[in-house]
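Asks: Got work.cif for you, mmCIF, C-alpha atoms:
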```cif
data_data
#
loop_
_atom_site.label_atom_id
_atom_site.label_comp_id
_atom_site.auth_asym_id
_atom_site.auth_seq_id
_atom_site.Cartn_x
_atom_site.Cartn_y
_atom_site.Cartn_z
CA MET A 49 82.35 48.64 125.31
CA SER A 50 84.75 46.05 126.75
CA VAL A 51 86.18 45.62 130.23
CA ARG A 52 89.87 46.47 130.55
CA ILE A 53 91.82 45.63 133.71
CA ARG A 54 95.29 46.97 134.52
CA ARG A 55 97.13 44.97 137.16
CA LEU A 56 98.11 47.02 140.22
CA THR A 57 100.52 44.55 141.83
CA PRO A 58 102.44 41.60 140.40
CA ALA A 59 100.10 39.08 142.04
CA PHE A 60 96.62 40.58 142.55
CA ALA A 61 94.38 43.68 142.41
CA GLY A 62 93.50 45.53 139.21
CA GLU A 63 92.10 48.86 138.00
CA VAL A 64 89.11 48.71 135.66
CA SER A 65 88.31 50.97 132.72
CA GLY A 66 85.49 50.82 130.21
CA VAL A 67 82.74 50.36 132.81
CA ASP A 68 80.10 52.87 133.94
CA THR A 69 78.71 51.51 137.21
CA THR A 70 76.01 54.20 137.35
CA ARG A 71 74.10 52.53 134.46
CA ALA A 72 72.74 49.10 133.68
CA LEU A 73 75.54 46.85 132.42
CA PRO A 74 75.55 45.60 128.81
CA PRO A 75 74.89 41.86 128.35
CA GLY A 76 77.82 39.73 129.44
CA MET A 77 79.70 42.47 131.28
CA ALA A 78 78.75 41.25 134.77
CA GLU A 79 80.18 37.84 133.86
CA ASP A 80 83.39 39.50 132.61
CA LEU A 81 83.72 41.39 135.89
CA ASP A 82 83.10 38.19 137.87
CA ALA A 83 85.93 36.57 135.93
CA GLY A 84 88.11 39.60 136.68
CA MET A 85 87.32 39.25 140.37
CA ALA A 86 88.28 35.56 140.31
CA GLU A 87 91.64 36.51 138.80
CA HIS A 88 92.46 39.70 140.73
CA GLY A 89 90.53 39.54 144.02
CA VAL A 90 90.30 43.36 144.20
CA LEU A 91 89.03 45.67 141.44
CA VAL A 92 89.23 49.48 141.49
CA PHE A 93 86.76 51.55 139.44
CA PRO A 94 87.84 55.23 139.35
CA GLY A 95 85.46 58.13 138.79
CA GLN A 96 82.15 56.46 139.69
CA ALA A 97 79.86 59.22 141.03
CA LEU A 98 77.27 56.83 142.44
CA THR A 99 74.10 57.45 144.35
CA ASP A 100 73.23 54.90 147.02
CA GLU A 101 70.52 53.51 144.75
CA GLN A 102 72.93 53.12 141.83
CA GLN A 103 75.49 51.42 144.03
CA ALA A 104 72.89 48.94 145.27
CA ALA A 105 71.69 48.25 141.73
CA PHE A 106 75.23 47.66 140.43
CA SER A 107 76.02 45.37 143.36
CA GLN A 108 73.05 43.15 142.53
CA ASN A 109 74.73 42.14 139.27
CA PHE A 110 76.78 39.76 141.42
CA GLY A 111 74.14 38.32 143.75
CA SER A 112 71.68 39.18 146.48
CA LEU A 113 72.53 41.97 148.89
CA GLU A 114 73.45 41.20 152.48
CA MET A 115 71.57 43.64 154.69
CA PRO A 116 73.26 45.29 157.70
CA SER A 117 71.72 44.11 160.94
CA ALA A 118 72.29 43.73 164.66
CA VAL A 119 74.56 40.78 163.77
CA SER A 120 77.14 43.21 162.39
CA ASN A 121 77.06 46.39 164.49
CA ILE A 122 75.85 48.18 167.60
CA THR A 123 74.14 51.08 165.82
CA LYS A 124 70.47 51.26 166.72
CA GLU A 125 67.84 51.62 164.01
CA HIS A 126 67.00 55.22 165.00
CA GLU A 127 70.71 56.12 164.72
CA ARG A 128 71.11 54.90 161.12
CA ARG A 129 72.24 57.55 158.63
CA LEU A 130 71.77 55.56 155.41
CA GLY A 131 69.15 53.34 153.81
CA PRO A 132 68.64 49.65 154.59
CA ALA A 133 70.96 48.32 151.86
CA MET A 134 73.97 50.44 152.83
CA ALA A 135 76.56 49.61 155.46
CA ASP A 136 77.80 52.91 156.86
CA VAL A 137 81.54 52.62 157.45
CA SER A 138 81.95 56.38 157.89
CA ASN A 139 82.77 58.32 161.04
CA LEU A 140 79.51 60.27 160.95
CA THR A 141 76.41 60.62 163.08
CA LYS A 142 72.93 60.89 161.59
CA GLU A 143 73.43 64.67 161.74
CA HIS A 144 76.53 64.32 159.53
CA ARG A 145 78.98 65.25 162.30
CA PRO A 146 82.07 63.21 163.21
CA PHE A 147 81.58 60.96 166.22
CA ASP A 148 82.78 62.36 169.52
CA ARG A 149 86.04 60.80 170.67
CA GLU A 150 84.31 58.73 173.39
CA ASP A 151 81.24 57.72 171.35
CA ARG A 152 80.88 53.95 171.70
CA ARG A 153 80.05 53.71 167.99
CA ARG A 154 83.46 55.24 167.23
CA MET A 155 85.16 52.85 169.65
CA PHE A 156 83.40 49.90 168.03
CA ASN A 157 84.25 51.02 164.48
CA LEU A 158 87.96 51.27 165.33
CA GLY A 159 87.92 47.50 164.91
CA ASN A 160 87.83 48.10 161.15
CA ARG A 161 91.52 49.02 161.44
CA LEU A 162 92.32 45.39 162.25
CA TRP A 163 92.89 42.93 159.42
CA HIS A 164 89.55 41.25 158.79
CA SER A 165 87.17 39.70 156.28
CA ASP A 166 83.69 41.21 156.07
CA SER A 167 80.92 39.12 157.62
CA SER A 168 83.15 36.20 158.58
CA PHE A 169 81.11 36.39 161.81
CA ARG A 170 78.01 35.21 159.88
CA ALA A 171 77.36 31.51 159.37
CA VAL A 172 77.13 32.24 155.63
CA PRO A 173 79.93 34.77 155.09
CA ALA A 174 79.91 37.49 152.44
CA LYS A 175 80.95 37.12 148.80
CA TYR A 176 81.89 40.63 147.63
CA SER A 177 82.09 44.02 149.32
CA LEU A 178 81.72 47.23 147.28
CA LEU A 179 82.97 50.43 148.91
CA SER A 180 82.36 53.91 147.52
CA GLY A 181 84.45 56.89 148.63
CA ARG A 182 82.15 59.92 148.79
CA ILE A 183 84.05 62.39 151.06
CA LEU A 184 87.69 61.87 151.99
CA PRO A 185 89.96 63.30 154.72
CA SER A 186 92.90 65.50 153.81
CA SER A 187 95.33 62.67 154.64
CA GLY A 188 95.27 59.05 155.76
CA GLY A 189 92.28 56.76 155.61
CA ASN A 190 93.66 54.39 152.97
CA THR A 191 92.48 50.78 152.73
CA GLU A 192 94.91 47.87 152.56
CA PHE A 193 94.13 44.48 151.07
CA ALA A 194 95.98 41.21 151.67
CA ASP A 195 96.00 38.36 149.15
CA MET A 196 95.06 35.23 151.08
CA ALA A 197 95.45 32.96 148.04
CA GLY A 198 99.00 34.13 147.45
CA ALA A 199 99.73 33.77 151.16
CA TYR A 200 98.44 30.19 151.16
CA ASP A 201 100.54 29.30 148.10
CA ALA A 202 103.67 30.57 149.89
CA LEU A 203 103.22 28.28 152.91
CA ASP A 204 105.45 25.23 153.13
CA ALA A 205 103.99 21.76 152.74
CA ALA A 206 104.14 21.00 156.47
CA MET A 207 102.06 24.07 157.39
CA LYS A 208 99.54 23.37 154.62
CA ALA A 209 99.05 19.85 155.98
CA ARG A 210 98.77 21.16 159.55
CA ILE A 211 95.97 23.61 158.81
CA GLU A 212 94.09 21.77 156.06
CA ASP A 213 91.12 20.63 158.17
CA LEU A 214 91.11 23.22 160.96
CA VAL A 215 87.95 25.11 161.87
CA CYS A 216 87.88 28.50 163.64
CA GLU A 217 85.27 30.37 165.63
CA HIS A 218 84.57 33.92 164.38
CA SER A 219 82.76 36.66 166.27
CA LEU A 220 82.76 40.42 166.75
CA LEU A 221 83.29 39.57 170.41
CA TYR A 222 86.82 38.49 169.51
CA SER A 223 87.82 41.39 167.26
CA ARG A 224 86.39 44.08 169.54
CA GLY A 225 87.74 42.31 172.60
CA ARG A 226 91.25 42.66 171.17
CA LEU A 227 90.82 46.44 171.43
CA GLY A 228 89.42 46.34 174.95
CA PHE A 229 85.91 47.32 173.84
CA GLU A 230 83.66 46.76 176.84
CA GLY A 231 80.09 47.31 177.94
CA LEU A 232 78.23 45.12 175.48
CA THR A 233 74.64 44.44 176.44
CA ASP A 234 73.28 40.93 176.84
CA GLU A 235 71.39 41.43 173.58
CA GLU A 236 74.54 42.47 171.73
CA ARG A 237 76.45 39.49 173.09
CA ALA A 238 73.66 37.19 171.90
CA ASN A 239 73.75 38.81 168.44
CA PHE A 240 77.52 38.29 168.26
CA ARG A 241 77.55 34.60 169.21
CA PRO A 242 80.43 32.81 167.44
CA VAL A 243 80.09 30.94 164.16
CA ARG A 244 82.43 28.39 162.61
CA GLN A 245 84.54 28.89 159.49
CA ALA A 246 87.07 26.69 157.73
CA LEU A 247 90.64 28.00 158.01
CA VAL A 248 91.37 26.98 154.40
CA ARG A 249 88.84 27.85 151.69
CA VAL A 250 88.56 26.70 148.07
CA HIS A 251 87.42 29.37 145.63
CA PRO A 252 84.35 28.13 143.71
CA ALA A 253 85.33 29.89 140.46
CA ASN A 254 88.86 28.55 140.03
CA GLY A 255 89.45 25.88 142.69
CA ARG A 256 92.30 27.87 144.21
CA LYS A 257 92.91 27.48 147.94
CA SER A 258 93.32 30.44 150.28
CA LEU A 259 93.64 31.19 153.96
CA TYR A 260 90.45 32.40 155.64
CA LEU A 261 91.76 34.68 158.36
CA SER A 262 90.20 37.61 160.19
CA ALA A 263 90.48 39.55 163.43
CA HIS A 264 87.06 38.03 164.11
CA ALA A 265 88.70 34.58 164.45
CA GLY A 266 89.25 33.99 168.17
CA ARG A 267 89.87 30.29 168.60
CA ILE A 268 90.52 27.06 166.73
CA VAL A 269 87.91 24.42 167.48
CA GLY A 270 89.37 21.60 169.57
CA TRP A 271 92.56 23.47 170.46
CA PRO A 272 93.52 25.23 173.69
CA VAL A 273 92.74 28.92 173.18
CA PRO A 274 96.31 30.27 173.67
CA GLU A 275 97.76 27.72 171.23
CA GLY A 276 95.10 28.43 168.63
CA ARG A 277 95.53 32.18 168.85
CA LEU A 278 99.29 31.87 168.47
CA LEU A 279 98.84 29.92 165.24
CA LEU A 280 96.31 32.44 163.92
CA GLU A 281 98.71 35.27 164.80
CA GLU A 282 101.57 33.48 163.02
CA LEU A 283 99.45 32.97 159.89
CA THR A 284 98.25 36.58 159.92
CA GLU A 285 101.81 37.89 160.19
CA HIS A 286 102.75 35.70 157.23
CA ALA A 287 99.71 36.72 155.14
CA THR A 288 100.14 40.47 155.65
CA GLN A 289 103.74 40.77 154.55
CA ARG A 290 104.16 43.66 152.10
CA ARG A 291 104.55 41.28 149.15
CA PHE A 292 100.96 40.15 149.64
CA VAL A 293 99.43 43.62 150.25
CA TYR A 294 97.90 46.26 147.97
CA ALA A 295 97.38 49.68 149.61
CA HIS A 296 94.62 51.72 148.00
CA GLU A 297 94.95 55.49 148.18
CA TRP A 298 91.40 56.76 147.84
CA ARG A 299 90.24 59.37 145.35
CA VAL A 300 86.76 60.88 145.51
CA ASN A 301 84.24 58.64 143.70
CA ASP A 302 86.49 55.57 143.64
CA LEU A 303 84.52 52.35 143.85
CA VAL A 304 86.49 49.33 145.09
CA ILE A 305 85.21 45.75 145.02
CA TRP A 306 86.93 42.92 146.85
CA ASP A 307 86.31 39.22 147.21
CA ASN A 308 86.01 38.32 150.89
CA ARG A 309 86.64 34.68 150.03
CA ARG A 310 90.30 35.36 149.15
CA THR A 311 91.26 38.69 150.73
CA MET A 312 91.53 40.44 154.08
CA HIS A 313 91.51 44.21 154.43
CA ARG A 314 91.88 46.97 156.98
CA ALA A 315 91.24 50.73 157.15
CA ARG A 316 94.19 52.95 157.98
CA PRO A 317 94.08 55.79 160.55
CA PHE A 318 93.10 59.39 159.88
CA ASP A 319 91.95 62.32 162.05
CA ASP A 320 88.48 60.88 162.53
CA VAL A 321 87.53 63.30 165.33
CA ASN A 322 87.98 66.42 163.21
CA GLU A 323 87.70 65.28 159.58
CA VAL A 324 85.01 63.49 157.56
CA ARG A 325 85.48 60.17 155.79
CA ASP A 326 82.16 59.25 154.17
CA MET A 327 82.42 55.67 152.90
CA ARG A 328 79.40 53.58 151.90
CA ARG A 329 79.47 49.82 151.46
CA THR A 330 77.15 47.36 149.84
CA THR A 331 77.76 43.68 150.44
CA VAL A 332 76.94 40.76 148.17
CA ALA A 333 75.74 37.83 150.25
CA GLY A 334 77.53 34.52 150.20
CA GLU A 335 75.82 31.36 149.06
CA GLU A 336 77.04 28.64 151.40
CA MET A 337 78.70 27.92 154.72
CA THR A 338 82.38 27.06 154.82
CA THR A 339 81.78 24.38 157.45
CA ALA A 340 78.96 22.92 159.54
CA GLN A 341 77.80 25.03 162.45
CA ALA A 342 77.60 23.93 166.05
CA ALA A 343 74.09 23.16 167.29
#
```
Take the structure in this file and express it as structure tokens.
Replies:
Amino acid sequence: MSVRIRRLTPAFAGEVSGVDTTRALPPGMAEDLDAGMAEHGVLVFPGQALTDEQQAAFSQNFGSLEMPSAVSNITKEHERRLGPAMADVSNLTKEHRPFDREDRRRMFNLGNRLWHSDSSFRAVPAKYSLLSGRILPSSGGNTEFADMAGAYDALDAAMKARIEDLVCEHSLLYSRGRLGFEGLTDEERANFRPVRQALVRVHPANGRKSLYLSAHAGRIVGWPVPEGRLLLEELTEHATQRRFVYAHEWRVNDLVIWDNRRTMHRARPFDDVNEVRDMRRTTVAGEEMTTAQAA
């Protein structure tokens, strides 16, 4: 059985057929999918009725799993709904009920509706994210992806030279602060201490440059904060023009993989107080820092 990929936009994102992610992959197929990821950045696998264990096993074809931790959320261990390998990006309590409107976990998770790159707030940021749609709302709740490589290519030479060596600080403090999220504990603030990321990344598989933007990016190292944030806002507006965006309309049992090294994404609104959106993510850990960290 061979991998077949149908392009979903002129520039990036593809839909895969010929792959059953619930079973062990035939020899060479993981390498074919890696090559497809390098070319497309986002791959959609329809009709994959995965268990959590199967999703974790499939994800490990591409590297070690990044485990959710206090670095990435405010959910306490006793509040977790899923197993240790799964990032719960649903709107559900442990009792499988939608969060109350004022639940601080709901307020915190609203940050997923900002353009971001998963785990850019870690010193070693994530490689791939794999999201499985288990239960979907009656409307809304799509996921949009922005092609950061295409956006970089479209910059003029002067802007490319201006940003080539810039370094940004990334933290959940910045993305949640944009929404006015307050009341973090001292422990949470310590967990969310900023890390440094290069603003321009080079993809290890093909040498292609891309922007590395995220709502988690709050300042440019060595720049006055207002000036740095204005540049980041300008670049984000450029990179999220419709010509660079693929909007995925979820179907039950879709599995979507994206490369955090060359894409941003955001969740779109739905009636999260009254309807269920059960989405489960595994994350493939990155292998190296994009830049040296501060002491």
Asks: Of the candidates A:Met327, A:Leu81, A:Val332, A:Ala238, which one gets nearest to Trp298 (chain A) if we count all atoms listed in the file?
Replies: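 Residue with the minimum atom-to-atom distance to Trp298 (chain A): A:Met327.
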Asks: Using only C-alpha atoms for the distances, tell me which of A:Gly255, A:Gly76, A:Pro317, A:Gly228 is nearest to Arg152 (chain A).
Replies: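 Among the listed residues, A:Gly228 lies closest to Arg152 (chain A).
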Asks: Given the choices A:Lys175, A:His218, A:Arg309, A:Arg170, which gets closest to Ser112 (chain A) if the distance is worked out from all atoms listed in the file?
Replies: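 Answer, going by the shortest atom-to-atom distance: A:Lys175.
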Asks: Skipping near chain neighbours, those fewer than 3 positions away, what residues fall within 7 Å of region 286-294 of chain A using only C-alpha atoms, listed as a list in words?
Replies: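 Near neighbours after the sequence-gap exclusion: Thr57, Glu192, Phe193, Ala194, Asp195, Met196, Gly198, Ala199, Glu282 and Leu283 of chain A.
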Asks: Just the residues within 6 Å of region 136-144 of chain A, please, counting all atoms listed in the file, with nothing from its chain fewer than 4 positions along; format it as a list in words.
Replies: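 The neighbour list is Arg129, Arg325, Asp326, Met327 and Arg328 of chain A.
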Asks: Name the residues in contact with Leu227 (chain A) at a cut-off of 10 Å, using all atoms listed in the file, excluding same-chain residues fewer than 4 positions from it; report them as a PDB file with C-alpha atoms, keeping the file's coordinate frame.
Replies:
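out.pdb, freshly written:
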```
ATOM      1  CA  MET A 155      85.160  52.850 169.650  1.00  0.00           C
ATOM      2  CA  PHE A 156      83.400  49.900 168.030  1.00  0.00           C
ATOM      3  CA  LEU A 158      87.960  51.270 165.330  1.00  0.00           C
ATOM      4  CA  GLY A 159      87.920  47.500 164.910  1.00  0.00           C
ATOM      5  CA  LEU A 162      92.320  45.390 162.250  1.00  0.00           C
ATOM      6  CA  TYR A 222      86.820  38.490 169.510  1.00  0.00           C
ATOM      7  CA  SER A 223      87.820  41.390 167.260  1.00  0.00           C
TER       8      SER A 223
END
```
Asks: For Phe93 (chain A), work out the shell of residues within 9 Å, counting all atoms listed in the file and skipping chain neighbours fewer than 6 positions away, then give it as a list in words.
Replies: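 These residues fall inside the cut-off: Glu63, Val64, Ser65, Val67, Asp68, Thr69, Asn301, Asp302, Leu303, Val304 and Ile305 of chain A.
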Asks: Give me the residues near region 261-263 of chain A as a list in words, where near means some atom within 7 Å (using only C-alpha atoms) and where sequence neighbours in that chain fewer than 4 positions away do not count.
Replies: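 In the requested format, the answer is Leu162, Trp163, His164, Ser165, Ser223, Leu247, Thr284 and Met312 of chain A.
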Asks: Mind telling me what the PyMOL selection byres ((chain A and resi 89) around 7) catches here, as a ChimeraX atom specification?
Replies: /A:60-61,85-88,90-91,306-307,310-311
Asks: Which residue, A:Leu73, A:Ala340, A:Ala83, A:Ala206, has the smallest gap to Ala253 (chain A) when you use all atoms listed in the file?
Replies: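 For Ala253 (chain A), the nearest of the candidates is A:Ala83.
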Asks: At a cut-off of 9 Å around the point (85.0, 27.9, 161.1) (file coordinates), what residues fall inside when counting only C-alpha atoms? I'd like the answer as number ranges by chain.
Replies: A: 168, 171, 214-218, 243-247, 260, 265, 268-269, 337-341
Asks: Taking into account all atoms listed in the file, which residue in the set A:Pro132, A:Asp213, A:Leu203, A:Ala333 is nearest to Asn109 (chain A)?
Replies: A:Ala333
Asks: What's the separation between CA of Glu297 (chain A) and CA of Phe147 (chain A), in Å to one decimal place?
Replies: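 Computing the Euclidean distance for CA of Glu297 (chain A) and CA of Phe147 (chain A) yields 23.1 Å.
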Asks: Under the rule that all atoms listed in the file are counted, which of A:Arg314, A:Arg237, A:His264, A:Lys257 is the nearest residue to Lys208 (chain A)?
Replies: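 Closest residue, counting all atoms listed in the file: A:Lys257.
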Asks: At what distance in Å, to one decimal, does CA of His251 (chain A) lie from CA of Leu113 (chain A)?
Replies: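 Between CA of Leu113 (chain A) and CA of His251 (chain A) the gap works out to 19.8 Å.
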Asks: Can you tell me how far CA of Arg145 (chain A) sits from CA of His126 (chain A), in Å to one decimal?
Replies: 15.9 Å
Asks: Could you check which residues have any atom within 10 Å of (71.0, 51.7, 155.5), counting all atoms listed in the file with coordinates taken straight from the file, and then list them as a ChimeraX atom specification?
Replies: /A:100,115-117,125,128-136,328-330
